[in-house]
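Asks: The structure that follows is given in the form of C-alpha cells.
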Amino acid sequence: MKTTNLAQALAIDSQLRLPGSAGRLLKQIRDIEQVAPLFRDAGLIKAVKPPSVVNLTVSGIASHSCIHRALGGFIYASAAVRTDLAIQDNKVSTTGSDSVSELDDIDFEAQRKRLDLVEMRHCYALVERQLQQGASINLILIDTPLFIDRDMVPLKRNLRHWAEYEKTRDAIERFWQNYRKDLFPWNPDGPVLASILAERFSAIVSIARQDLRTEDGRKHILTADGFVPDATLMLEGLEERLMGIGDTRFINGILGNFARTIAFRMTENRSRMEPASEVGQGVIGFHFRSARASQIKMAQLAGEEADWNPFLLDTVASRLMILDMQSQKKAMLLPQLLSRQQLNILEKFSAYYRQGLNEALRNNDVESTWLSGLDEGFES
C-alpha cells in the first residue's frame, strides 16, 4: 500500500488550496476597502486630531496574578501597581507609584475567574487611594473591566467563587457610591476613569450588522457622537457583504491611524453587568487605534449619552492614543506598561513564597511558633 508522509501531504495540500485561499482573502480585503468609506461617512468611524503639545497628568494601573502548585494544592499571588506620570510640553516624568498585593492558598475551584475578581478589587483599591490623596489628575487607567460582566458571575453552588464575586461586587458598588461625584463627567474638574481592554471587537461588529435606519438598530450607539442618519442608506445590504469576514480582520480593516469608532452603549451589546445599581447609570465604550502597527484597544467609560459629547470623547481618545507609544502588537499604554514591568517580580516572589512555605512546614516552624505563643498565654 502506498503511503505519504506528513511533509509531502502538507506540500500537496498547500499547493492545491493556496489559490483559493488567496482569492478569498483578496475578496475580503476589497469588500473592507469598499465598506470603510461608508463607515466614515456615516460617522461610525471618526478621525481624531492628535495634539501638537501635550500637557497631561495620568495614572496607569496594571494587575497580574500567578498560581503555583504547593503541597498537593495551590498558592496564588495577585498584585496591582499604579504608576503616575506627568507630561509637560511633551516631556514625560514619573511622579509616584503605589501597589497592593496578596498571597494565599487557593483550591482548584474556578481559580482564574476568582483571580479576575481579585484583580478588579485591587485596581479599584488603587484608584480609591489616588482619589483620597486629592492630587490633580486628568486620567486614571485600569486594565480590568469597570463592571462585572455576566459571564464572570458564578453559580451560587460554587461557594468560594460566589463569595469572591459578592466581595468584588460590593467593593465596586461602594466605590461608585462614594466617588462618582469626584469623577469626570460628574465633576468637570475630576479625573476620567477609563478601563483599557484589548480585543472584544464584537460590539462594533454587531453594530455594523444592525439596521441603523431603525430606532431599534440605533439604540446601540450614541447618535450624538457624530452619527449621520442620511448616510445609512449606503449601509443597506452590509451584512451580506460582511459575511465570512472575521471580526478581527473587519475591525483592523476599517480602523486606521489615530481613529476611533463611534461610542456605543455596552449595556445594549451584552448581558447585564453588575452591580446593577451603578451600571444602570450608564456604561459606554469605543475602540481606538493610534497607528496601523499598534494593537486596537477598547476604552470603557461610565456614563450615558447625556454625560458625554463628541468633543469630550475625542479628547479622551486623543489622550489614550498619545500614550500608546509602543507601536507594536500586545503593547500597553505607557503608564500601564511601566506598572506591568514592576509586576514581573510577582512570579519569582510567589515561587520564593512557596519555597519558604515548604521549608516552614518541613521544619515545623509554624507549629512550634504557634504552640510557644499558646504556652506563654496560659502561663500569664
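We label chains A, B, ... in the order they appear in the C-alpha cells, count residues from 1 in each chain, and number ligands from 1 in the order shown.
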Find the residues near Thr315 of chain A: any atom within 12 Å, counting only C-alpha atoms, skip ones fewer than 4 places away on the same chain, and give them as a list in words.

Replies: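 With the cut-off at 12 Å, the set is Ala47, Val48, Lys49, Pro50, Pro51, Val54, Leu56, Asn138, Leu139, Val192, Arg260, Trp308, Asn309, Pro310, Phe311, Arg319, Leu320, Met321 and Ile322 of chain A.
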
Asks: I'd like the contact shell of segment 340-346 of chain A - 7 Å cut-off, only C-alpha atoms, skipping same-chain residues fewer than 6 positions apart - returned as a PyMOL selection string.

Replies: chain A and resi 62+64+77

Asks: Since we have the selection now, will you write its residues out, keeping N, CA and C atoms, as a tab-separated table (two decimals), in the first residue's frame?

Replies:
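Written out: result-v1.tsv:
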chain	number	residue	atom	x	y	z
A	62	ALA	N	-1.87	48.49	36.34
A	62	ALA	CA	-1.81	47.16	35.73
A	62	ALA	C	-1.92	46.12	36.83
A	64	HIS	N	-1.99	41.71	37.86
A	64	HIS	CA	-1.50	40.40	37.40
A	64	HIS	C	-1.63	39.41	38.55
A	77	ALA	N	-0.46	34.40	44.00
A	77	ALA	CA	-0.02	35.75	44.30
A	77	ALA	C	-0.72	36.67	43.32

Asks: Would you write out, as JSON lines, a table of all residues in segment 109-154 of chain A that have an atom no more than 10 Å from an atom of segment 89-99 of chain A, listing for each the closest atom pair and the distance in Å to one decimal, considering only C-alpha atoms and ordering rows by chain and rising residue number?

Replies:
{"residue": "A:His122", "atom": "CA", "partner": "A:Ser99", "partner_atom": "CA", "distance": 8.5}
{"residue": "A:Cys123", "atom": "CA", "partner": "A:Ser99", "partner_atom": "CA", "distance": 9.2}
{"residue": "A:Ala125", "atom": "CA", "partner": "A:Ser99", "partner_atom": "CA", "distance": 9.2}
{"residue": "A:Leu126", "atom": "CA", "partner": "A:Ser99", "partner_atom": "CA", "distance": 7.0}
{"residue": "A:Val127", "atom": "CA", "partner": "A:Asp98", "partner_atom": "CA", "distance": 10.0}
{"residue": "A:Arg129", "atom": "CA", "partner": "A:Asp98", "partner_atom": "CA", "distance": 8.8}
{"residue": "A:Gln130", "atom": "CA", "partner": "A:Asp98", "partner_atom": "CA", "distance": 8.9}

Asks: Quick one: write out the picked residues with C-alpha atoms as a PDB file, in the first residue's frame?

Replies:
ATOM      1  CA  HIS A 122      -7.007  45.660  43.511  1.00  0.00           C
ATOM      2  CA  CYS A 123      -7.460  48.148  40.683  1.00  0.00           C
ATOM      3  CA  ALA A 125      -8.347  49.997  45.704  1.00  0.00           C
ATOM      4  CA  LEU A 126      -5.542  51.889  43.956  1.00  0.00           C
ATOM      5  CA  VAL A 127      -7.992  54.266  42.265  1.00  0.00           C
ATOM      6  CA  ARG A 129      -6.228  55.747  47.215  1.00  0.00           C
ATOM      7  CA  GLN A 130      -5.472  58.092  44.327  1.00  0.00           C
TER       8      GLN A 130
END

Asks: For a quick check of understanding, using only C-alpha atoms, which of A:Ala291, A:Leu312, A:Ala299, A:Ala11 has the smallest distance to Asp324 of chain A?

Replies: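 So, comparing all the options, the nearest one is A:Ala291.
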
Asks: Of the candidates A:Ile45, A:Ile140, A:Val279, A:Ile196, which one gets nearest to Asp314 of chain A if we count only C-alpha atoms?

Replies: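 Answer, going by the shortest atom-to-atom distance: A:Ile45.
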
Asks: Taking only residues of segment 11-121 of chain A that have an atom at most 8 Å from an atom of segment 261-267 of chain A, what is each one's shortest atom pair and its distance in Å to one decimal, using only C-alpha atoms, in chain and number order, as CSV?

Replies:
residue,atom,partner,partner_atom,distance
A:Gly43,CA,A:Ile262,CA,6.8
A:Leu44,CA,A:Ile262,CA,4.8
A:Ile45,CA,A:Thr261,CA,4.5
A:Lys46,CA,A:Thr261,CA,5.9

Asks: What is the distance between atom CA of Ala224 of chain A and atom CA of Glu305 of chain A, in Å to one decimal?

Replies: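 These two atoms are separated by 7.3 Å.
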
Asks: Residues at most 8 Å from segment 145-148 of chain A, counting only C-alpha atoms, excluding those fewer than 2 positions away in the same chain, as an MDAnalysis selection string?

Replies: chainID A and resid 120 142:143 150 152:153 169 172 194:197 273:275 279 300:302

Asks: Choose the residue, out of A:Leu222, A:Ala110, A:Leu323, A:Ala163, that has the smallest atom-to-atom separation from Asn55 of chain A; count only C-alpha atoms.

Replies: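 Checking each of A:Leu222, A:Ala110, A:Leu323, A:Ala163 against Asn55 of chain A, counting only C-alpha atoms, the winner is A:Leu323.
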
Asks: Mind checking DSSP for segment 71-305 of chain A and telling me the helix (DSSP H, G or I) residues as a ChimeraX atom specification?

Replies: /A:111-133,150-152,159-182,202-208,215-218,229-235,238-242,247-254,266-269,276-279,305

Asks: I want to know what sits within 12 Å of Tyr353 of chain A, based on only C-alpha atoms, with residues of the same chain fewer than 5 positions away left out; could you give that as a VMD selection string?

Replies: chain A and resid 67 to 70 74 to 77 102 to 105 346 to 348 358 to 360

Asks: Can you measure atom CA of Pro185 of chain A to atom CA of Gly285 of chain A for me? One decimal in Å is fine.

Replies: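 These two atoms are separated by 14.6 Å.
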
Asks: Between atom CA of Gly134 of chain A and atom CA of Leu338 of chain A, measure the distance and give it in Å to one decimal.

Replies: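 Separation between atom CA of Gly134 of chain A and atom CA of Leu338 of chain A: 22.6 Å.
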
Asks: Using only C-alpha atoms, which protein or nucleic acid residues come within 6 Å of Ile61 of chain A? Drop anything in the same chain fewer than 5 positions from it, and give the result as a PyMOL selection string.

Replies: chain A and resi 81-82+141-142+336

Asks: Take the residues from that selection and write them out as a PDB file, in the first residue's frame, keeping C-alpha atoms.

Replies:
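What landed in again-v3.pdb:
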ATOM      1  CA  VAL A  81       0.708  48.575  40.532  1.00  0.00           C
ATOM      2  CA  ARG A  82      -0.112  52.211  39.805  1.00  0.00           C
ATOM      3  CA  LEU A 141      -6.430  53.934  33.557  1.00  0.00           C
ATOM      4  CA  ILE A 142      -7.162  50.397  34.725  1.00  0.00           C
ATOM      5  CA  GLN A 336       0.324  50.810  32.414  1.00  0.00           C
TER       6      GLN A 336
END

Asks: Give me the residues within 6 Å of segment 296-298 of chain A as number ranges by chain, counting only C-alpha atoms and dropping any in the same chain fewer than 4 places off.

Replies: A: 196-198, 286-289

Asks: Got a sec: who's within 6 Å of Thr57 of chain A, counting only C-alpha atoms, leaving out chain neighbours fewer than 5 positions off, as an MDAnalysis selection string?

Replies: chainID A and resid 85:86 137:138
